[in-house]
Amino acid sequence: MDARPRQRYHAGAMFVLVVGDANADLCARLARFPREGDDSPLAGLDWQSGGSALNVATALARLGGRARLAARVGVDPAAEVALDAPRRAGVALELVQRDPSLATGLCFAAVSPGGERTFFSYRGANVALAGVDAPAAFRDAAWLHLGAHALIEGPQRATALALIDEAERRALGVSVDLCLPLVRGAPAEARAIVARAAVAFANERESEAAEAAGVALGAARVLVEKLGARGARVCRSGQGVGVPAFAVEARDTTACGDAFVAGFLLATVRGALPEHAAVVGNAAGALTATRPGAAPALPSRDEVRGLLVERGASEASLL
Ligand code: ADP
């Protein structure tokens with residue numbers, strides 16, 4: 001089945017509504033990994049916007065699309081860190097809620113001298129996302145995208161499910177980017193969303209976990225597997241097509257998957273077939289791999305267009 005929206009939308013005029021986590025990402029370079037109780041100096045420290053849904057919304061806006069983020073942060077300094085990148089990119093933030101008591105979600109990455117990353121994460125205010133006003137959320141919206149963390153637990157899950165119902169009532173496309181905690185911890189939920197979504201995205205670890213948990217990703221109308229330096233694979237109607245990556249010198253692959261999803265969705269709402277949308281996704285992912293960090297590494301429209309033109313890809317016309 002075709003994953004494209006049922007109408008052709010005026011290019012760039014319609015919003016993608018993005019639901020999921022908004023975090024502050026704290027990245028610390030360790031001189032050595034501490035033992036419990038140590039007082040350990042850091043060799044470097046960096047604060048950035050993060051969270052998969054926030055990154056997708058930011059990437060969409062940087063690529064020249066329109067994105068509206070439904071997420072919840074706290075009333076704390078980390079909220080300003082989280083919202084900095086989407087605000088600068090021009091993401092519509094009127095649906096972002098402030099939780100009076102829970103802290104903004106945080107992901108603390110401790111990077112050992114050898115490059116190994118140890119994560120400490122707190123979902124905080126994300127889980128408390130309360131119901132959003134559907135007319136405001138879907139005003140001029142062409143598509144609903146969910147970061148799968150939104151489906152794990154709490155009021156956020158109920159809100160996400162209500163938004164999926166509403167998107168279906170409005171005959172809008174729904175996509176989901178799977179995550180390990182959902183696939184491993186709530187496989188029935190993962191199965192249900194894969195069956196409902198027009199497009200399901202999974203990286204290699206998520207595909208393996210889905211197989212182990214009995215979640216048949218092939219049930220998705222369009223399944224897009226993100227394959228790192230090998231690019232992507234688009235499966236629909238039982239047929240899989242490989243879409244090769246753009247060769248780049250990769251430095252840090254954080255947020256590559258989010259950039260890929262944004263490029264894919266922007267091309268999709270502009271009427272591209274999934275195989276072409278994956279080329280735009282690959283270009284956005286490849287550029288993100290060349291730079292350190294998450295949100296600050298996300299490429300602009302001109303950068304992605306430039307790479308597509310340089311490599312002779314006709315999909316440049318989509319941007
Ligand atoms: P995730 O970040 O979700 O784990 P991947 O690591 O598969 O997803 O990366 C997403 C996309 O980014 C890939 O499908 C590919 O298009 C691009 N990408 C990632 N790593 C590289 C790389 N080393 N070289 C070129 N493109 C890359």
# chains A, B, ... in the order shown; residues from 1 in each chain; ligands from 1
>>> closest_atom_pairs(of="chain A", to="ligand 1", cutoff="7 Å", atoms="only C-alpha atoms and all ligand atoms", output="tab-separated table")
residue	atom	partner	partner_atom_place_in_ligand_line	distance
A:Ala202	CA	ligand 1	3 (O)	6.8
A:Asn203	CA	ligand 1	3 (O)	5.0
A:Glu204	CA	ligand 1	7 (O)	6.7
A:Lys226	CA	ligand 1	14 (O)	3.8
A:Leu227	CA	ligand 1	7 (O)	4.0
A:Gly228	CA	ligand 1	7 (O)	3.2
A:Ala229	CA	ligand 1	22 (C)	3.6
A:Arg230	CA	ligand 1	15 (C)	6.7
A:Gly231	CA	ligand 1	14 (O)	4.2
A:Ala232	CA	ligand 1	14 (O)	4.7
A:Ala245	CA	ligand 1	26 (N)	5.0
A:Phe246	CA	ligand 1	25 (C)	5.2
A:Ala247	CA	ligand 1	25 (C)	5.2
A:Val248	CA	ligand 1	24 (N)	5.3
A:Glu249	CA	ligand 1	24 (N)	6.9
A:Ala250	CA	ligand 1	23 (N)	4.8
A:Thr253	CA	ligand 1	20 (N)	5.5
A:Thr254	CA	ligand 1	2 (O)	6.0
A:Ala255	CA	ligand 1	2 (O)	5.3
A:Cys256	CA	ligand 1	12 (O)	4.3
A:Gly257	CA	ligand 1	2 (O)	3.3
A:Asp258	CA	ligand 1	3 (O)	6.4
A:Phe260	CA	ligand 1	11 (C)	5.2
A:Gly281	CA	ligand 1	16 (O)	6.0
A:Asn282	CA	ligand 1	16 (O)	3.3
A:Ala283	CA	ligand 1	16 (O)	6.3
A:Gly285	CA	ligand 1	12 (O)	3.4
A:Ala286	CA	ligand 1	26 (N)	3.6
A:Ala289	CA	ligand 1	21 (C)	5.6
>>> select_by_dssp(residues="segment 100-234 of chain A", states="strand (DSSP E)", output="number ranges by chain")
A: 105-111, 117-122, 141-147, 173-177, 199-203, 222-226, 232-234
>>> residues_around(residues="Ala136 of chain A", least_positions_apart="2", cutoff="12 Å", atoms="only C-alpha atoms", output="PyMOL selection string")
chain A and resi 15+17+68-70+92-95+131-134+138-141+163
>>> residues_around(residues="Ser314 of chain A", least_positions_apart="5", cutoff="12 Å", atoms="only C-alpha atoms", output="ChimeraX atom specification")
/A:272,276-277,279-280,305-309,319
>>> atom_distance(atom1="atom CA of Arg88 of chain A", atom2="atom CA of Ala262 of chain A")
16.7 Å
>>> atom_distance(atom1="atom CA of Arg98 of chain A", atom2="atom CA of Ala130 of chain A")
10.1 Å
>>> closest_residue(among="A:Ala53, A:Leu106, A:Ile193, A:Ala71", to="Ala137 of chain A", atoms="only C-alpha atoms")
A:Ala71
>>> atom_distance(atom1="atom CA of Ala278 of chain A", atom2="atom CA of Phe201 of chain A")
11.0 Å
>>> closest_residue(among="A:Leu102, A:Ala160, A:Val174, A:Val199", to="Val222 of chain A", atoms="only C-alpha atoms")
A:Val199
>>> residues_around(residues="Ala142 of chain A", least_positions_apart="4", cutoff="9 Å", atoms="only C-alpha atoms", output="PyMOL selection string")
chain A and resi 5+9+14-17+138+172-173+269
>>> closest_residue(among="A:Ala31, A:Leu178, A:Asp84, A:Ala150", to="Ala162 of chain A", atoms="only C-alpha atoms")
A:Ala150
>>> select_by_dssp(residues="segment 124-262 of chain A", states="helix (DSSP H, G or I)", output="mmCIF file with C-alpha atoms, in the first residue's frame")
data_model
loop_
_atom_site.group_PDB
_atom_site.id
_atom_site.type_symbol
_atom_site.label_atom_id
_atom_site.label_comp_id
_atom_site.auth_asym_id
_atom_site.auth_seq_id
_atom_site.Cartn_x
_atom_site.Cartn_y
_atom_site.Cartn_z
ATOM 1 C CA GLY A 124 10.914 12.884 34.131
ATOM 2 C CA ALA A 125 8.203 15.226 32.814
ATOM 3 C CA ASN A 126 7.958 13.386 29.463
ATOM 4 C CA VAL A 127 5.855 10.602 30.959
ATOM 5 C CA ALA A 128 3.301 13.100 32.309
ATOM 6 C CA ALA A 134 -6.844 18.166 18.935
ATOM 7 C CA PRO A 135 -7.910 21.156 16.784
ATOM 8 C CA ALA A 136 -4.789 23.061 17.864
ATOM 9 C CA ALA A 137 -2.538 20.017 17.485
ATOM 10 C CA PHE A 138 -3.782 19.110 14.009
ATOM 11 C CA ALA A 148 7.990 5.185 20.383
ATOM 12 C CA HIS A 149 9.012 6.252 23.907
ATOM 13 C CA ALA A 150 5.655 8.057 23.917
ATOM 14 C CA LEU A 151 3.875 4.677 23.947
ATOM 15 C CA GLY A 154 1.720 6.904 31.894
ATOM 16 C CA PRO A 155 -0.410 9.805 30.672
ATOM 17 C CA GLN A 156 2.009 10.267 27.740
ATOM 18 C CA ARG A 157 0.912 6.894 26.373
ATOM 19 C CA ALA A 158 -2.804 7.751 26.692
ATOM 20 C CA THR A 159 -2.194 11.093 24.998
ATOM 21 C CA ALA A 160 -0.236 9.475 22.158
ATOM 22 C CA LEU A 161 -2.958 6.871 21.595
ATOM 23 C CA ALA A 162 -5.648 9.581 21.505
ATOM 24 C CA LEU A 163 -3.617 11.508 18.920
ATOM 25 C CA ILE A 164 -3.272 8.375 16.766
ATOM 26 C CA ASP A 165 -7.072 7.902 16.908
ATOM 27 C CA GLU A 166 -7.576 11.519 15.895
ATOM 28 C CA ALA A 167 -5.022 11.282 13.052
ATOM 29 C CA GLU A 168 -6.852 8.221 11.735
ATOM 30 C CA ARG A 169 -10.199 10.066 11.928
ATOM 31 C CA LEU A 180 14.234 -0.824 22.422
ATOM 32 C CA PRO A 181 12.295 -0.198 25.668
ATOM 33 C CA LEU A 182 8.964 -0.488 23.801
ATOM 34 C CA VAL A 183 9.937 -3.511 21.702
ATOM 35 C CA ARG A 184 11.451 -5.394 24.652
ATOM 36 C CA GLY A 185 9.220 -4.173 27.471
ATOM 37 C CA PRO A 187 5.913 -6.097 22.619
ATOM 38 C CA ALA A 188 2.097 -6.181 22.366
ATOM 39 C CA GLU A 189 2.088 -2.381 22.220
ATOM 40 C CA ALA A 190 4.836 -2.449 19.591
ATOM 41 C CA ARG A 191 2.866 -4.955 17.533
ATOM 42 C CA ALA A 192 -0.262 -2.785 17.708
ATOM 43 C CA ILE A 193 1.447 0.395 16.571
ATOM 44 C CA VAL A 194 3.348 -1.356 13.758
ATOM 45 C CA ALA A 195 0.015 -2.658 12.440
ATOM 46 C CA ARG A 196 -1.575 0.819 12.580
ATOM 47 C CA GLU A 204 19.304 -2.825 13.351
ATOM 48 C CA ARG A 205 19.198 -3.370 17.118
ATOM 49 C CA GLU A 206 15.467 -2.686 17.172
ATOM 50 C CA SER A 207 14.853 -5.084 14.257
ATOM 51 C CA GLU A 208 16.758 -7.837 16.086
ATOM 52 C CA ALA A 209 14.905 -7.157 19.338
ATOM 53 C CA ALA A 210 11.587 -7.195 17.477
ATOM 54 C CA GLU A 211 12.359 -10.585 16.019
ATOM 55 C CA ALA A 212 13.328 -11.921 19.451
ATOM 56 C CA ALA A 213 10.126 -10.516 20.986
ATOM 57 C CA LEU A 217 7.819 -5.682 11.598
ATOM 58 C CA GLY A 218 6.757 -6.966 8.180
ATOM 59 C CA ALA A 219 3.165 -6.195 9.244
ATOM 60 C CA GLY A 228 23.859 2.725 9.616
ATOM 61 C CA ALA A 229 26.750 2.980 7.123
ATOM 62 C CA ARG A 230 24.870 0.607 4.805
ATOM 63 C CA CYS A 256 21.589 10.028 12.626
ATOM 64 C CA GLY A 257 18.404 8.000 12.955
ATOM 65 C CA ASP A 258 16.386 11.100 13.885
ATOM 66 C CA ALA A 259 17.818 13.065 10.941
ATOM 67 C CA PHE A 260 16.999 10.137 8.644
ATOM 68 C CA VAL A 261 13.390 10.031 9.882
ATOM 69 C CA ALA A 262 12.996 13.795 9.369
#
>>> closest_residue(among="A:Asn23, A:Ser175, A:Ser112, A:Ser40", to="Asn55 of chain A", atoms="only C-alpha atoms")
A:Asn23
>>> residues_around(residues="Ala43 of chain A", least_positions_apart="5", cutoff="8 Å", atoms="only C-alpha atoms", output="list in words")
Ala28, Arg29, Leu30 and Ala31 of chain A
>>> write_last_selection(atoms="N, CA and C atoms", output="PDB file, in the first residue's frame")
ATOM      1  N   ALA A  28      29.476  14.016  29.084  1.00  0.00           N
ATOM      2  CA  ALA A  28      30.687  14.241  29.873  1.00  0.00           C
ATOM      3  C   ALA A  28      31.793  13.326  29.394  1.00  0.00           C
ATOM      4  N   ARG A  29      32.973  13.914  29.161  1.00  0.00           N
ATOM      5  CA  ARG A  29      34.134  13.068  28.828  1.00  0.00           C
ATOM      6  C   ARG A  29      34.870  12.738  30.121  1.00  0.00           C
ATOM      7  N   LEU A  30      35.006  11.447  30.367  1.00  0.00           N
ATOM      8  CA  LEU A  30      35.625  11.004  31.611  1.00  0.00           C
ATOM      9  C   LEU A  30      37.128  10.830  31.411  1.00  0.00           C
ATOM     10  N   ALA A  31      37.898  11.201  32.425  1.00  0.00           N
ATOM     11  CA  ALA A  31      39.337  10.893  32.388  1.00  0.00           C
ATOM     12  C   ALA A  31      39.496   9.382  32.611  1.00  0.00           C
TER      13      ALA A  31
END
>>> closest_residue(among="A:Ala59, A:Ser49, A:Ala24, A:His145", to="Cys107 of chain A", atoms="only C-alpha atoms")
A:Ala24
>>> closest_residue(among="A:Ala220, A:Cys27, A:Val19, A:Leu60", to="Pro292 of chain A", atoms="only C-alpha atoms")
A:Cys27
>>> decode(residues="segment 94-108 of chain A", atoms="all heavy atoms", output="CSV table (one decimal), in the first residue's frame")
chain,number,residue,atom,x,y,z
A,94,GLU,N,4.0,25.6,20.8
A,94,GLU,CA,2.8,26.0,21.6
A,94,GLU,C,2.2,24.8,22.3
A,94,GLU,O,1.5,25.0,23.3
A,94,GLU,CB,1.8,26.8,20.8
A,94,GLU,CG,1.1,26.0,19.7
A,94,GLU,CD,1.7,25.9,18.4
A,94,GLU,OE1,2.9,26.4,18.3
A,94,GLU,OE2,1.1,25.4,17.4
A,95,LEU,N,2.5,23.6,21.9
A,95,LEU,CA,1.9,22.4,22.6
A,95,LEU,C,2.9,21.8,23.6
A,95,LEU,O,2.6,20.8,24.3
A,95,LEU,CB,1.6,21.3,21.6
A,95,LEU,CG,0.6,21.5,20.5
A,95,LEU,CD1,0.5,20.3,19.6
A,95,LEU,CD2,-0.8,21.9,21.0
A,96,VAL,N,4.0,22.5,23.8
A,96,VAL,CA,5.0,22.0,24.8
A,96,VAL,C,4.4,22.4,26.2
A,96,VAL,O,4.2,23.5,26.5
A,96,VAL,CB,6.4,22.5,24.6
A,96,VAL,CG1,7.3,22.1,25.7
A,96,VAL,CG2,6.9,22.0,23.3
A,97,GLN,N,4.3,21.4,27.1
A,97,GLN,CA,3.7,21.6,28.4
A,97,GLN,C,4.8,21.7,29.4
A,97,GLN,O,5.9,21.2,29.2
A,97,GLN,CB,2.8,20.4,28.8
A,97,GLN,CG,1.7,20.1,27.8
A,97,GLN,CD,1.0,18.8,28.0
A,97,GLN,OE1,1.2,18.1,29.0
A,97,GLN,NE2,0.1,18.5,27.1
A,98,ARG,N,4.5,22.4,30.5
A,98,ARG,CA,5.5,22.6,31.6
A,98,ARG,C,4.9,21.8,32.9
A,98,ARG,O,3.8,22.1,33.3
A,98,ARG,CB,5.6,24.1,32.0
A,98,ARG,CG,6.1,24.9,30.9
A,98,ARG,CD,7.6,24.8,30.9
A,98,ARG,NE,8.2,25.6,29.8
A,98,ARG,CZ,9.5,26.0,29.8
A,98,ARG,NH1,10.3,25.6,30.7
A,98,ARG,NH2,9.9,26.7,28.7
A,99,ASP,N,5.7,20.9,33.4
A,99,ASP,CA,5.2,20.2,34.6
A,99,ASP,C,5.8,20.9,35.8
A,99,ASP,O,6.9,21.2,35.9
A,99,ASP,CB,5.8,18.8,34.5
A,99,ASP,CG,5.2,17.9,35.5
A,99,ASP,OD1,5.4,18.1,36.7
A,99,ASP,OD2,4.4,17.0,35.1
A,100,PRO,N,4.8,21.2,36.7
A,100,PRO,CA,5.3,22.0,37.9
A,100,PRO,C,6.2,21.3,38.9
A,100,PRO,O,6.9,21.9,39.7
A,100,PRO,CB,4.0,22.4,38.5
A,100,PRO,CG,3.0,21.4,38.1
A,100,PRO,CD,3.4,21.0,36.7
A,101,SER,N,6.1,19.9,38.8
A,101,SER,CA,6.9,19.2,39.9
A,101,SER,C,7.9,18.2,39.3
A,101,SER,O,8.9,18.0,40.0
A,101,SER,CB,5.9,18.4,40.8
A,101,SER,OG,5.0,17.7,40.0
A,102,LEU,N,7.7,17.7,38.1
A,102,LEU,CA,8.7,16.7,37.6
A,102,LEU,C,9.8,17.5,36.8
A,102,LEU,O,9.6,18.4,36.1
A,102,LEU,CB,8.0,15.7,36.7
A,102,LEU,CG,7.1,14.7,37.3
A,102,LEU,CD1,6.2,14.0,36.3
A,102,LEU,CD2,7.9,13.7,38.2
A,103,ALA,N,11.0,16.9,36.9
A,103,ALA,CA,12.2,17.5,36.2
A,103,ALA,C,12.1,17.2,34.7
A,103,ALA,O,11.5,16.2,34.3
A,103,ALA,CB,13.5,17.0,36.8
A,104,THR,N,12.7,18.1,33.9
A,104,THR,CA,12.8,17.8,32.5
A,104,THR,C,13.6,16.5,32.3
A,104,THR,O,14.5,16.3,33.0
A,104,THR,CB,13.6,19.0,31.9
A,104,THR,OG1,12.9,20.2,32.1
A,104,THR,CG2,13.8,18.8,30.4
A,105,GLY,N,13.2,15.8,31.3
A,105,GLY,CA,13.9,14.5,31.0
A,105,GLY,C,15.4,14.8,30.7
A,105,GLY,O,15.8,15.8,30.2
A,106,LEU,N,16.2,13.9,31.2
A,106,LEU,CA,17.7,14.1,31.1
A,106,LEU,C,18.4,12.8,30.6
A,106,LEU,O,18.0,11.7,31.1
A,106,LEU,CB,18.3,14.5,32.4
A,106,LEU,CG,19.7,14.9,32.4
A,106,LEU,CD1,19.9,16.4,32.2
A,106,LEU,CD2,20.4,14.4,33.7
A,107,CYS,N,19.3,13.0,29.7
A,107,CYS,CA,20.1,11.8,29.3
A,107,CYS,C,21.6,12.3,29.6
A,107,CYS,O,22.1,13.2,28.9
A,107,CYS,CB,19.9,11.5,27.9
A,107,CYS,SG,20.9,10.1,27.4
A,108,PHE,N,22.2,11.6,30.5
A,108,PHE,CA,23.6,11.9,30.9
A,108,PHE,C,24.4,10.8,30.2
A,108,PHE,O,24.3,9.6,30.6
A,108,PHE,CB,23.7,11.9,32.4
A,108,PHE,CG,25.2,12.0,32.8
A,108,PHE,CD1,25.9,13.2,32.5
A,108,PHE,CD2,25.8,11.0,33.6
A,108,PHE,CE1,27.2,13.3,32.9
A,108,PHE,CE2,27.1,11.2,34.0
A,108,PHE,CZ,27.8,12.3,33.7
